[in-house]
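**Student:** Data: query-v3.pdb, PDB, C-alpha atoms.
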ATOM      1  CA  MET A1284     -63.807  -6.343  -0.540
ATOM      2  CA  THR A1285     -63.669  -2.989   1.225
ATOM      3  CA  GLY A1286     -60.006  -1.912   0.917
ATOM      4  CA  ARG A1287     -58.373  -0.783  -2.339
ATOM      5  CA  LEU A1288     -58.587  -3.533  -4.943
ATOM      6  CA  MET A1289     -56.128  -3.626  -7.833
ATOM      7  CA  LEU A1290     -57.086  -5.598 -10.941
ATOM      8  CA  LEU A1291     -54.405  -6.425 -13.507
ATOM      9  CA  ASP A1292     -55.252  -6.958 -17.159
ATOM     10  CA  THR A1293     -52.427  -9.453 -17.132
ATOM     11  CA  ALA A1294     -52.018 -10.240 -20.841
ATOM     12  CA  SER A1295     -52.083  -6.544 -21.711
ATOM     13  CA  LEU A1296     -49.316  -5.957 -19.163
ATOM     14  CA  TYR A1297     -47.046  -8.854 -20.093
ATOM     15  CA  PHE A1298     -47.325  -7.837 -23.764
ATOM     16  CA  ARG A1299     -46.158  -4.371 -22.679
ATOM     17  CA  ALA A1300     -43.359  -5.905 -20.642
ATOM     18  CA  TYR A1301     -42.313  -8.118 -23.548
ATOM     19  CA  PHE A1302     -41.936  -5.183 -25.905
ATOM     20  CA  GLY A1303     -40.568  -2.850 -23.216
ATOM     21  CA  VAL A1304     -37.784  -5.063 -21.832
ATOM     22  CA  PRO A1305     -34.952  -6.253 -24.143
ATOM     23  CA  ASP A1306     -35.041  -9.926 -25.105
ATOM     24  CA  SER A1307     -31.400 -10.081 -24.010
ATOM     25  CA  VAL A1308     -32.868 -10.665 -20.518
ATOM     26  CA  LYS A1309     -32.617 -14.450 -20.417
ATOM     27  CA  ALA A1310     -32.753 -17.495 -18.163
ATOM     28  CA  PRO A1311     -29.528 -19.430 -17.477
ATOM     29  CA  ASP A1312     -30.291 -21.710 -20.441
ATOM     30  CA  GLY A1313     -30.641 -18.735 -22.803
ATOM     31  CA  THR A1314     -34.461 -18.665 -22.928
ATOM     32  CA  PRO A1315     -35.816 -15.080 -23.007
ATOM     33  CA  VAL A1316     -37.614 -14.122 -19.778
ATOM     34  CA  ASN A1317     -38.063 -10.412 -20.534
ATOM     35  CA  ALA A1318     -41.867 -10.584 -20.202
ATOM     36  CA  VAL A1319     -41.633 -12.507 -16.912
ATOM     37  CA  ARG A1320     -39.149 -10.180 -15.277
ATOM     38  CA  GLY A1321     -40.753  -7.072 -16.759
ATOM     39  CA  LEU A1322     -44.142  -8.054 -15.330
ATOM     40  CA  LEU A1323     -42.662  -8.759 -11.886
ATOM     41  CA  ASP A1324     -40.954  -5.350 -11.908
ATOM     42  CA  PHE A1325     -44.228  -3.736 -12.928
ATOM     43  CA  ILE A1326     -46.224  -5.425 -10.153
ATOM     44  CA  ASP A1327     -43.525  -4.413  -7.667
ATOM     45  CA  ARG A1328     -43.835  -0.776  -8.697
ATOM     46  CA  LEU A1329     -47.632  -0.860  -8.660
ATOM     47  CA  VAL A1330     -47.729  -2.249  -5.129
ATOM     48  CA  LYS A1331     -45.114   0.255  -3.930
ATOM     49  CA  ASP A1332     -46.841   3.259  -5.482
ATOM     50  CA  HIS A1333     -50.521   2.418  -4.863
ATOM     51  CA  ARG A1334     -50.564   0.069  -1.857
ATOM     52  CA  PRO A1335     -53.600  -2.076  -2.737
ATOM     53  CA  GLU A1336     -55.015  -4.345  -0.065
ATOM     54  CA  GLN A1337     -56.233  -6.862  -2.635
ATOM     55  CA  LEU A1338     -54.671  -7.813  -5.963
ATOM     56  CA  VAL A1339     -55.963 -10.024  -8.762
ATOM     57  CA  ALA A1340     -54.126 -10.983 -11.943
ATOM     58  CA  CYS A1341     -57.059 -11.320 -14.361
ATOM     59  CA  MET A1342     -56.471 -13.724 -17.254
ATOM     60  CA  ASP A1343     -57.895 -14.370 -20.715
ATOM     61  CA  ALA A1344     -59.243 -17.910 -20.342
ATOM     62  CA  ASP A1345     -60.854 -17.202 -23.730
ATOM     63  CA  TRP A1346     -59.433 -14.197 -25.579
ATOM     64  CA  ARG A1347     -62.139 -14.366 -28.311
ATOM     65  CA  PRO A1348     -65.343 -15.756 -26.784
ATOM     66  CA  GLN A1349     -67.645 -17.468 -29.250
ATOM     67  CA  TRP A1350     -70.680 -15.572 -27.947
ATOM     68  CA  ARG A1351     -69.044 -12.327 -29.055
ATOM     69  CA  VAL A1352     -68.029 -13.793 -32.418
ATOM     70  CA  ASN A1353     -71.603 -15.026 -32.975
ATOM     71  CA  LEU A1354     -72.797 -11.422 -32.688
ATOM     72  CA  ILE A1355     -69.972  -9.775 -34.675
ATOM     73  CA  PRO A1356     -68.009 -12.360 -36.735
ATOM     74  CA  THR A1357     -65.148  -9.927 -37.406
ATOM     75  CA  TYR A1358     -64.440  -9.623 -33.669
ATOM     76  CA  LYS A1359     -60.645 -10.031 -33.292
ATOM     77  CA  ALA A1360     -60.669 -12.190 -36.436
ATOM     78  CA  HIS A1361     -57.436 -10.650 -37.747
ATOM     79  CA  ARG A1362     -55.580 -11.831 -34.632
ATOM     80  CA  VAL A1363     -56.409 -15.528 -35.044
ATOM     81  CA  ALA A1364     -53.283 -17.619 -35.641
ATOM     82  CA  VAL A1365     -54.887 -21.099 -35.597
ATOM     83  CA  GLU A1366     -58.594 -21.917 -35.776
ATOM     84  CA  HIS A1367     -60.008 -24.799 -33.719
ATOM     85  CA  GLU A1368     -63.369 -26.530 -33.774
ATOM     86  CA  GLY A1369     -65.181 -26.514 -30.424
ATOM     87  CA  VAL A1370     -62.342 -24.897 -28.448
ATOM     88  CA  PRO A1371     -60.962 -21.351 -28.434
ATOM     89  CA  ASP A1372     -58.885 -20.261 -31.416
ATOM     90  CA  GLU A1373     -55.207 -19.525 -30.829
ATOM     91  CA  GLU A1374     -54.156 -15.893 -30.783
ATOM     92  CA  GLU A1375     -51.171 -14.679 -32.776
ATOM     93  CA  VAL A1376     -48.425 -14.206 -30.174
ATOM     94  CA  PRO A1377     -44.676 -13.574 -30.707
ATOM     95  CA  ASP A1378     -42.710 -16.847 -30.717
ATOM     96  CA  THR A1379     -40.561 -15.935 -27.727
ATOM     97  CA  LEU A1380     -43.501 -14.665 -25.651
ATOM     98  CA  SER A1381     -45.692 -17.788 -25.753
ATOM     99  CA  PRO A1382     -43.267 -19.967 -23.706
ATOM    100  CA  GLN A1383     -43.067 -17.246 -21.045
ATOM    101  CA  VAL A1384     -46.799 -17.253 -20.261
ATOM    102  CA  PRO A1385     -46.798 -20.570 -18.319
ATOM    103  CA  VAL A1386     -43.772 -19.300 -16.381
ATOM    104  CA  ILE A1387     -45.636 -16.097 -15.487
ATOM    105  CA  GLU A1388     -48.618 -18.142 -14.305
ATOM    106  CA  ALA A1389     -46.448 -20.483 -12.227
ATOM    107  CA  VAL A1390     -44.582 -17.599 -10.584
ATOM    108  CA  LEU A1391     -47.783 -15.703  -9.729
ATOM    109  CA  ASP A1392     -49.239 -18.864  -8.206
ATOM    110  CA  ALA A1393     -46.106 -19.573  -6.136
ATOM    111  CA  VAL A1394     -45.968 -15.967  -4.907
ATOM    112  CA  GLY A1395     -49.628 -16.221  -3.904
ATOM    113  CA  ILE A1396     -51.072 -13.497  -6.133
ATOM    114  CA  ALA A1397     -54.646 -14.457  -7.014
ATOM    115  CA  ARG A1398     -54.902 -15.402 -10.692
ATOM    116  CA  VAL A1399     -58.412 -15.617 -12.140
ATOM    117  CA  GLY A1400     -59.546 -16.610 -15.617
ATOM    118  CA  VAL A1401     -62.976 -18.040 -16.404
ATOM    119  CA  GLN A1402     -63.695 -20.190 -19.450
ATOM    120  CA  GLY A1403     -65.781 -18.382 -22.049
ATOM    121  CA  TYR A1404     -64.739 -14.920 -20.877
ATOM    122  CA  GLU A1405     -61.962 -12.430 -21.444
ATOM    123  CA  ALA A1406     -59.910 -10.804 -18.702
ATOM    124  CA  ASP A1407     -61.959  -7.626 -19.315
ATOM    125  CA  ASP A1408     -65.080  -9.498 -18.224
ATOM    126  CA  VAL A1409     -63.389 -10.831 -15.097
ATOM    127  CA  ILE A1410     -62.301  -7.266 -14.319
ATOM    128  CA  GLY A1411     -65.825  -5.962 -14.936
ATOM    129  CA  THR A1412     -67.331  -8.511 -12.562
ATOM    130  CA  PHE A1413     -64.794  -7.936  -9.780
ATOM    131  CA  THR A1414     -65.325  -4.184 -10.188
ATOM    132  CA  GLY A1415     -69.085  -4.511  -9.961
ATOM    133  CA  ARG A1416     -68.832  -6.514  -6.735
ATOM    134  CA  ALA A1417     -66.210  -4.325  -5.043
ATOM    135  CA  ALA A1418     -67.304  -2.424  -1.956
ATOM    136  CA  GLY A1419     -64.223  -0.175  -1.938
ATOM    137  CA  PRO A1420     -62.104   1.714  -4.483
ATOM    138  CA  VAL A1421     -60.697  -0.099  -7.515
ATOM    139  CA  ASP A1422     -57.567   0.494  -9.590
ATOM    140  CA  ILE A1423     -57.694  -1.222 -12.998
ATOM    141  CA  VAL A1424     -54.259  -1.537 -14.585
ATOM    142  CA  THR A1425     -54.490  -2.059 -18.339
ATOM    143  CA  GLY A1426     -53.156  -0.975 -21.696
ATOM    144  CA  ASP A1427     -56.640  -1.490 -23.163
ATOM    145  CA  ARG A1428     -58.771   1.661 -23.420
ATOM    146  CA  ASP A1429     -61.931  -0.473 -23.579
ATOM    147  CA  LEU A1430     -61.854  -0.601 -19.782
ATOM    148  CA  TYR A1431     -62.333   3.170 -19.564
ATOM    149  CA  GLN A1432     -66.030   2.262 -19.588
ATOM    150  CA  LEU A1433     -65.702   1.164 -15.949
ATOM    151  CA  VAL A1434     -64.393   4.521 -14.661
ATOM    152  CA  ASP A1435     -66.667   5.850 -11.917
ATOM    153  CA  ASP A1436     -65.531   8.670  -9.609
ATOM    154  CA  GLU A1437     -68.374   8.145  -7.156
ATOM    155  CA  ARG A1438     -67.258   4.564  -6.519
ATOM    156  CA  GLY A1439     -63.537   5.347  -6.688
ATOM    157  CA  ILE A1440     -62.965   3.293  -9.849
ATOM    158  CA  ARG A1441     -60.119   4.498 -12.062
ATOM    159  CA  VAL A1442     -57.865   3.122 -14.768
ATOM    160  CA  LEU A1443     -54.067   3.203 -14.572
ATOM    161  CA  TYR A1444     -52.973   3.186 -18.207
ATOM    162  CA  PRO A1445     -49.307   2.593 -19.130
ATOM    163  CA  ILE A1446     -48.070   5.384 -21.400
ATOM    164  CA  LYS A1447     -44.454   4.370 -21.972
ATOM    165  CA  GLY A1448     -43.430   0.750 -21.528
ATOM    166  CA  VAL A1449     -44.621  -0.198 -18.068
ATOM    167  CA  GLY A1450     -43.000   2.619 -16.138
ATOM    168  CA  THR A1451     -45.211   5.664 -16.663
ATOM    169  CA  LEU A1452     -48.928   5.474 -15.855
ATOM    170  CA  GLN A1453     -51.758   7.783 -16.849
ATOM    171  CA  LEU A1454     -54.386   7.992 -14.120
ATOM    172  CA  THR A1455     -57.732   8.009 -15.903
ATOM    173  CA  ASP A1456     -60.753   9.275 -13.984
ATOM    174  CA  GLU A1457     -63.956  10.955 -15.177
ATOM    175  CA  ALA A1458     -62.249  14.348 -15.537
ATOM    176  CA  ALA A1459     -59.587  12.819 -17.810
ATOM    177  CA  LEU A1460     -62.259  11.074 -19.913
ATOM    178  CA  ARG A1461     -64.323  14.236 -20.306
ATOM    179  CA  GLU A1462     -61.268  16.281 -21.238
ATOM    180  CA  LYS A1463     -60.062  13.839 -23.902
ATOM    181  CA  TYR A1464     -63.287  12.260 -25.164
ATOM    182  CA  GLY A1465     -66.148  14.371 -23.837
ATOM    183  CA  VAL A1466     -67.823  11.387 -22.145
ATOM    184  CA  ASP A1467     -67.985   9.604 -18.780
ATOM    185  CA  GLY A1468     -67.225   5.915 -18.204
ATOM    186  CA  PRO A1469     -70.465   4.385 -19.568
ATOM    187  CA  GLY A1470     -70.382   6.943 -22.367
ATOM    188  CA  TYR A1471     -66.984   5.631 -23.438
ATOM    189  CA  ALA A1472     -68.524   2.250 -24.343
ATOM    190  CA  ASP A1473     -71.069   4.004 -26.593
ATOM    191  CA  LEU A1474     -68.310   6.150 -28.102
ATOM    192  CA  ALA A1475     -66.170   3.084 -28.850
ATOM    193  CA  LEU A1476     -69.150   1.260 -30.344
ATOM    194  CA  LEU A1477     -69.993   4.133 -32.706
ATOM    195  CA  ARG A1478     -66.387   4.912 -33.612
ATOM    196  CA  GLY A1479     -65.362   1.294 -34.078
ATOM    197  CA  ASP A1480     -62.027  -0.266 -33.219
ATOM    198  CA  PRO A1481     -59.910  -1.893 -35.947
ATOM    199  CA  SER A1482     -57.673  -3.532 -33.325
ATOM    200  CA  ASP A1483     -60.696  -5.524 -32.107
ATOM    201  CA  GLY A1484     -62.337  -5.970 -35.502
ATOM    202  CA  LEU A1485     -65.283  -3.720 -34.591
ATOM    203  CA  PRO A1486     -66.534  -1.908 -37.709
ATOM    204  CA  GLY A1487     -68.313   0.965 -35.963
ATOM    205  CA  VAL A1488     -70.825   3.122 -37.811
ATOM    206  CA  SER A1489     -69.510   4.162 -41.216
ATOM    207  CA  GLY A1490     -68.788   7.886 -41.353
ATOM    208  CA  ILE A1491     -69.060   8.348 -37.557
ATOM    209  CA  GLY A1492     -65.624   9.054 -36.134
ATOM    210  CA  GLU A1493     -64.613   9.790 -32.579
ATOM    211  CA  LYS A1494     -65.432  13.512 -32.629
ATOM    212  CA  THR A1495     -68.821  13.032 -34.286
ATOM    213  CA  ALA A1496     -69.670  10.225 -31.860
ATOM    214  CA  ALA A1497     -68.800  12.483 -28.919
ATOM    215  CA  LYS A1498     -70.999  15.279 -30.315
ATOM    216  CA  LEU A1499     -73.917  12.908 -30.826
ATOM    217  CA  LEU A1500     -73.583  11.605 -27.277
ATOM    218  CA  ALA A1501     -73.442  15.153 -25.926
ATOM    219  CA  GLU A1502     -76.604  16.008 -27.875
ATOM    220  CA  PHE A1503     -78.671  12.871 -27.254
ATOM    221  CA  GLY A1504     -77.224  11.426 -24.029
ATOM    222  CA  ASP A1505     -76.500   7.818 -24.906
ATOM    223  CA  LEU A1506     -76.809   5.227 -27.674
ATOM    224  CA  PRO A1507     -80.569   4.627 -27.212
ATOM    225  CA  GLY A1508     -81.058   8.413 -27.290
ATOM    226  CA  ILE A1509     -79.147   8.668 -30.557
ATOM    227  CA  MET A1510     -81.121   5.841 -32.176
ATOM    228  CA  ALA A1511     -84.392   7.399 -30.988
ATOM    229  CA  ALA A1512     -83.299  10.616 -32.689
ATOM    230  CA  VAL A1513     -82.920   8.741 -35.968
ATOM    231  CA  ASP A1514     -86.693   8.164 -35.911
ATOM    232  CA  ASP A1515     -87.465  11.735 -34.896
ATOM    233  CA  PRO A1516     -87.571  14.073 -37.923
ATOM    234  CA  ARG A1517     -87.173  17.064 -35.572
ATOM    235  CA  ALA A1518     -83.884  15.774 -34.109
ATOM    236  CA  LYS A1519     -80.738  17.655 -35.023
ATOM    237  CA  LEU A1520     -79.103  15.056 -37.224
ATOM    238  CA  THR A1521     -77.603  15.733 -40.637
ATOM    239  CA  PRO A1522     -79.129  13.735 -43.506
ATOM    240  CA  SER A1523     -75.844  11.837 -43.790
ATOM    241  CA  GLN A1524     -75.787  10.952 -40.082
ATOM    242  CA  ARG A1525     -79.405   9.818 -40.183
ATOM    243  CA  LYS A1526     -78.691   7.640 -43.207
ATOM    244  CA  ARG A1527     -75.528   6.125 -41.750
ATOM    245  CA  LEU A1528     -77.172   5.327 -38.424
ATOM    246  CA  THR A1529     -80.227   3.856 -40.123
ATOM    247  CA  GLU A1530     -78.023   1.568 -42.222
ATOM    248  CA  ALA A1531     -76.085   0.547 -39.125
ATOM    249  CA  ARG A1532     -79.120  -0.617 -37.141
ATOM    250  CA  PRO A1533     -78.219  -4.348 -37.336
ATOM    251  CA  TYR A1534     -74.731  -3.597 -35.975
ATOM    252  CA  VAL A1535     -76.000  -1.200 -33.298
ATOM    253  CA  ALA A1536     -78.501  -3.823 -32.126
ATOM    254  CA  VAL A1537     -75.801  -6.392 -31.241
ATOM    255  CA  ALA A1538     -72.668  -4.325 -30.621
ATOM    256  CA  PRO A1539     -73.453  -3.229 -27.033
ATOM    257  CA  LYS A1540     -73.231  -6.823 -25.773
ATOM    258  CA  VAL A1541     -69.882  -7.224 -27.541
ATOM    259  CA  VAL A1542     -68.348  -3.888 -26.530
ATOM    260  CA  ARG A1543     -69.520  -3.725 -22.912
ATOM    261  CA  VAL A1544     -67.654  -5.905 -20.470
ATOM    262  CA  ALA A1545     -69.651  -8.608 -18.724
ATOM    263  CA  ASP A1546     -70.508  -8.089 -15.064
ATOM    264  CA  ASP A1547     -71.931 -11.533 -14.356
ATOM    265  CA  VAL A1548     -68.922 -13.831 -14.761
ATOM    266  CA  PRO A1549     -69.095 -16.844 -12.375
ATOM    267  CA  LEU A1550     -65.969 -15.990 -10.391
ATOM    268  CA  PRO A1551     -64.267 -18.742  -8.386
ATOM    269  CA  ASP A1552     -63.947 -18.464  -4.638
ATOM    270  CA  VAL A1553     -60.388 -17.173  -4.301
ATOM    271  CA  ASP A1554     -58.353 -15.312  -1.684
ATOM    272  CA  ILE A1555     -57.529 -11.939  -3.247
ATOM    273  CA  ALA A1556     -55.691 -10.438  -0.276
ATOM    274  CA  LEU A1557     -52.255  -9.087  -1.172
ATOM    275  CA  PRO A1558     -49.824 -11.818  -0.071
ATOM    276  CA  ARG A1559     -47.167 -10.904   2.487
ATOM    277  CA  THR A1560     -45.134 -14.092   2.145
ATOM    278  CA  PRO A1561     -44.904 -16.604  -0.729
ATOM    279  CA  ARG A1562     -47.572 -19.280  -0.905
ATOM    280  CA  ASP A1563     -45.026 -21.877  -2.086
ATOM    281  CA  PRO A1564     -41.501 -20.818  -1.029
ATOM    282  CA  ALA A1565     -39.790 -24.003  -2.213
ATOM    283  CA  GLY A1566     -41.550 -23.920  -5.567
ATOM    284  CA  LEU A1567     -40.718 -20.253  -5.953
ATOM    285  CA  ASP A1568     -37.036 -20.884  -5.207
ATOM    286  CA  ALA A1569     -36.995 -23.564  -7.903
ATOM    287  CA  LEU A1570     -38.649 -21.248 -10.420
ATOM    288  CA  ALA A1571     -36.255 -18.422  -9.564
ATOM    289  CA  ALA A1572     -33.245 -20.671 -10.131
ATOM    290  CA  ARG A1573     -34.624 -22.301 -13.296
ATOM    291  CA  TRP A1574     -35.573 -19.025 -14.965
ATOM    292  CA  GLY A1575     -33.018 -16.639 -13.469
ATOM    293  CA  LEU A1576     -35.596 -14.286 -11.978
ATOM    294  CA  GLY A1577     -33.010 -12.693  -9.694
ATOM    295  CA  GLY A1578     -33.572  -9.122  -8.576
ATOM    296  CA  SER A1579     -37.016  -8.792 -10.175
ATOM    297  CA  LEU A1580     -38.506 -11.447  -7.932
ATOM    298  CA  GLN A1581     -36.560 -10.413  -4.840
ATOM    299  CA  ARG A1582     -37.679  -6.789  -5.142
ATOM    300  CA  LEU A1583     -41.329  -7.875  -5.415
ATOM    301  CA  LEU A1584     -41.056 -10.196  -2.404
ATOM    302  CA  THR A1585     -39.423  -7.426  -0.351
ATOM    303  CA  THR A1586     -42.188  -4.987  -1.282
ATOM    304  CA  LEU A1587     -44.923  -7.508  -0.458
ATOM    305  CA  GLY A1588     -43.337  -8.157   2.931
ATOM    306  CA  GLU A1589     -43.183  -4.477   3.912
TER     307      GLU A1589
END
Take the structure in the file and write it out as structure tokens.

**Tutor:**
Amino acid sequence: MTGRLMLLDTASLYFRAYFGVPDSVKAPDGTPVNAVRGLLDFIDRLVKDHRPEQLVACMDADWRPQWRVNLIPTYKAHRVAVEHEGVPDEEEVPDTLSPQVPVIEAVLDAVGIARVGVQGYEADDVIGTFTGRAAGPVDIVTGDRDLYQLVDDERGIRVLYPIKGVGTLQLTDEAALREKYGVDGPGYADLALLRGDPSDGLPGVSGIGEKTAAKLLAEFGDLPGIMAAVDDPRAKLTPSQRKRLTEARPYVAVAPKVVRVADDVPLPDVDIALPRTPRDPAGLDALAARWGLGGSLQRLLTTLGE
């Protein structure tokens, strides 16, 4: 992988498409296909604007891995719709989005866009592993700020973050991270860990907000440096900060493994080259007719063929 690699946080993007495209966009039988068509339009624009040589749609084979829950039981707990014994819990998803996901998967497969999900891991982990193995620059397209931790100017790794719907992207590099958060990519993971994230059920360290976390990281370098300062009476910590961090030791001990994306996912052997022609033209024609994909699909196919 030496050319530009683009990694899609697919669920994040089809959620954006679902809420950004009216549900009046429907298949011939009246089924909403706003997420399907919105995602195809988004991929078309990404390929046009950024010209990746490789493209992977990264999937959540397990959106709430048990190994993360074992470490922090509150992890994404508020988003569980149905609990299951021995298999992944079901995530709360809008009623008219759930039926569109298999359509999205079938269309991506017929087009020939690599689609990778690995059991026991989230899409973030798949993205982290592909990024770690890449020999060339990487564009990560996601609406999840957690992936800011992978930003690395030296390696050409940046995040394209949708600001409005799926049309306007914020290019996030190290300069953008330092300006907004005062940290680099790895520092963002420590910042998120300390600050917490209610959307992921991460409690953070009580009393340590984003600004305080950034100041502590600027003063002590990283999370281990901060925790070493807790044991150093000469370190410049307020009594309240020292107390809060001391009380949070059990959380701080396990949170890094939960917050940091995995880089050792057993990826399948898959062709990630950007397809020029559909892998399954007949199947794609059938899907286009069944779901009324019209101009969205045609525009993407034209762009891929250019």

**Student:** Can you list, as a list in words, every protein, DNA or RNA residue that comes within 7 Å of range 1347-1356 of chain A when you count all atoms listed in the file, leaving out same-chain residues fewer than 4 positions away?

**Tutor:** Gly1403, Tyr1404, Val1537 and Val1541 of chain A

**Student:** Pick the closest to Pro1420 in chain A from A:Ala1397, A:Gly1439, A:Arg1478, A:Leu1433: which is it, counting all atoms listed in the file?

**Tutor:**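 Distance minimum relative to Pro1420 in chain A lands on A:Gly1439.
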
**Student:** Could you put an axis-aligned box around every listed atom of range 1462-1467 of chain A, padded by 4 Å on each side, and send me its centre and edge lengths in Å to one decimal, as AutoDock Vina command-line options?

**Tutor:**
--center_x -64.0 --center_y 12.9 --center_z -22.0 --size_x 15.9 --size_y 14.7 --size_z 14.4

**Student:** Determine the nearest neighbour of Asp1407 in chain A from the options A:Val1421, A:Tyr1431, A:Glu1336, A:Asp1324, counting all atoms listed in the file.

**Tutor:**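 Going through A:Val1421, A:Tyr1431, A:Glu1336, A:Asp1324 one by one, the smallest distance to Asp1407 in chain A is for A:Tyr1431.
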
**Student:** For each of A:Ala1512, A:Leu1391, A:Ala1518, A:Val1466, take the minimum atom-to-atom distance to Arg1562 in chain A, counting all atoms listed in the file, then give the residue where this is smallest.

**Tutor:** A:Leu1391

**Student:** Go through range 1308-1420 of chain A and flag each residue having an atom no more than 12 Å from range 1550-1554 of chain A; for those, report the closest pair of atoms plus their distance in Å to one decimal, using all atoms listed in the file, ordered by chain and rising number, as a tab-separated table.

**Tutor:**
residue	atom	partner	partner_atom	distance
A:Glu1336	CA	A:Asp1554	CA	11.6
A:Gln1337	CA	A:Asp1554	CA	8.8
A:Leu1338	CA	A:Asp1554	CA	9.4
A:Val1339	CA	A:Asp1554	CA	9.2
A:Ala1340	CA	A:Val1553	CA	11.7
A:Cys1341	CA	A:Leu1550	CA	10.8
A:Met1342	CA	A:Leu1550	CA	11.9
A:Asp1392	CA	A:Asp1554	CA	11.8
A:Gly1395	CA	A:Asp1554	CA	9.0
A:Ile1396	CA	A:Asp1554	CA	8.7
A:Ala1397	CA	A:Asp1554	CA	6.5
A:Arg1398	CA	A:Val1553	CA	8.6
A:Val1399	CA	A:Pro1551	CA	7.6
A:Gly1400	CA	A:Leu1550	CA	8.3
A:Val1401	CA	A:Leu1550	CA	7.0
A:Gln1402	CA	A:Leu1550	CA	10.2
A:Gly1403	CA	A:Leu1550	CA	11.9
A:Tyr1404	CA	A:Leu1550	CA	10.6
A:Ala1406	CA	A:Leu1550	CA	11.5
A:Asp1408	CA	A:Leu1550	CA	10.2
A:Val1409	CA	A:Leu1550	CA	7.4
A:Ile1410	CA	A:Leu1550	CA	10.2
A:Gly1411	CA	A:Leu1550	CA	11.0
A:Thr1412	CA	A:Leu1550	CA	7.9
A:Phe1413	CA	A:Leu1550	CA	8.2
A:Thr1414	CA	A:Leu1550	CA	11.8
A:Gly1415	CA	A:Leu1550	CA	11.9
A:Arg1416	CA	A:Leu1550	CA	10.6

**Student:** Dig up all the protein and nucleic acid residues within 6 Å of (-56.3, -5.1, -10.4) in the file frame, using all atoms listed in the file, and format them as a list in words.

**Tutor:** Met1289, Leu1290, Leu1291, Leu1338, Val1339, Asp1422, Ile1423 and Val1424 of chain A

**Student:** For the file shown, report as a list in words the outcome of the PyMOL selection byres ((chain A and resi 1286) around 8) at residue level.

**Tutor:**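 Applied to this file, the PyMOL selection byres ((chain A and resi 1286) around 8) returns Met1284, Thr1285, Arg1287, Leu1288, Pro1335, Glu1336, Gln1337, Ala1418, Gly1419 and Pro1420 of chain A.
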
**Student:** Pro1481 in chain A: which residues within 12 Å, counting all atoms listed in the file, same-chain residues fewer than 4 positions away excluded, as a PDB file with C-alpha atoms, keeping the file's coordinate frame?

**Tutor:**
ATOM      1  CA  THR A1357     -65.148  -9.927 -37.406  1.00  0.00           C
ATOM      2  CA  TYR A1358     -64.440  -9.623 -33.669  1.00  0.00           C
ATOM      3  CA  LYS A1359     -60.645 -10.031 -33.292  1.00  0.00           C
ATOM      4  CA  ALA A1360     -60.669 -12.190 -36.436  1.00  0.00           C
ATOM      5  CA  HIS A1361     -57.436 -10.650 -37.747  1.00  0.00           C
ATOM      6  CA  ARG A1362     -55.580 -11.831 -34.632  1.00  0.00           C
ATOM      7  CA  ALA A1475     -66.170   3.084 -28.850  1.00  0.00           C
ATOM      8  CA  LEU A1476     -69.150   1.260 -30.344  1.00  0.00           C
ATOM      9  CA  LEU A1485     -65.283  -3.720 -34.591  1.00  0.00           C
ATOM     10  CA  PRO A1486     -66.534  -1.908 -37.709  1.00  0.00           C
ATOM     11  CA  GLY A1487     -68.313   0.965 -35.963  1.00  0.00           C
TER      12      GLY A1487
END

**Student:** For this structure, which residues satisfy the selection - the PyMOL selection byres ((chain A and resi 1327) around 10) - when it is evaluated on the file as given? I want them as a VMD selection string.

**Tutor:** chain A and resid 1321 to 1326 1328 to 1332 1579 to 1587

**Student:** Can you spell out as a list of chain:residue names the set of residues that the PyMOL selection byres ((chain A and resi 1379) around 10) selects in the structure I just provided?

**Tutor:**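 Taken on the displayed file, the PyMOL selection byres ((chain A and resi 1379) around 10) yields the residues A:Tyr1301, A:Asp1306, A:Thr1314, A:Pro1315, A:Val1316, A:Asn1317, A:Ala1318, A:Val1376, A:Pro1377, A:Asp1378, A:Leu1380, A:Ser1381, A:Pro1382, A:Gln1383, A:Val1384.
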
**Student:** Those residues with C-alpha atoms, as a PDB file, in the frame of the given file please?

**Tutor:**
ATOM      1  CA  TYR A1301     -42.313  -8.118 -23.548  1.00  0.00           C
ATOM      2  CA  ASP A1306     -35.041  -9.926 -25.105  1.00  0.00           C
ATOM      3  CA  THR A1314     -34.461 -18.665 -22.928  1.00  0.00           C
ATOM      4  CA  PRO A1315     -35.816 -15.080 -23.007  1.00  0.00           C
ATOM      5  CA  VAL A1316     -37.614 -14.122 -19.778  1.00  0.00           C
ATOM      6  CA  ASN A1317     -38.063 -10.412 -20.534  1.00  0.00           C
ATOM      7  CA  ALA A1318     -41.867 -10.584 -20.202  1.00  0.00           C
ATOM      8  CA  VAL A1376     -48.425 -14.206 -30.174  1.00  0.00           C
ATOM      9  CA  PRO A1377     -44.676 -13.574 -30.707  1.00  0.00           C
ATOM     10  CA  ASP A1378     -42.710 -16.847 -30.717  1.00  0.00           C
ATOM     11  CA  LEU A1380     -43.501 -14.665 -25.651  1.00  0.00           C
ATOM     12  CA  SER A1381     -45.692 -17.788 -25.753  1.00  0.00           C
ATOM     13  CA  PRO A1382     -43.267 -19.967 -23.706  1.00  0.00           C
ATOM     14  CA  GLN A1383     -43.067 -17.246 -21.045  1.00  0.00           C
ATOM     15  CA  VAL A1384     -46.799 -17.253 -20.261  1.00  0.00           C
TER      16      VAL A1384
END

**Student:** Just the number, please: distance in Å from CA of Pro1522 in chain A to CA of Ala1501 in chain A, one decimal.

**Tutor:** 18.5 Å
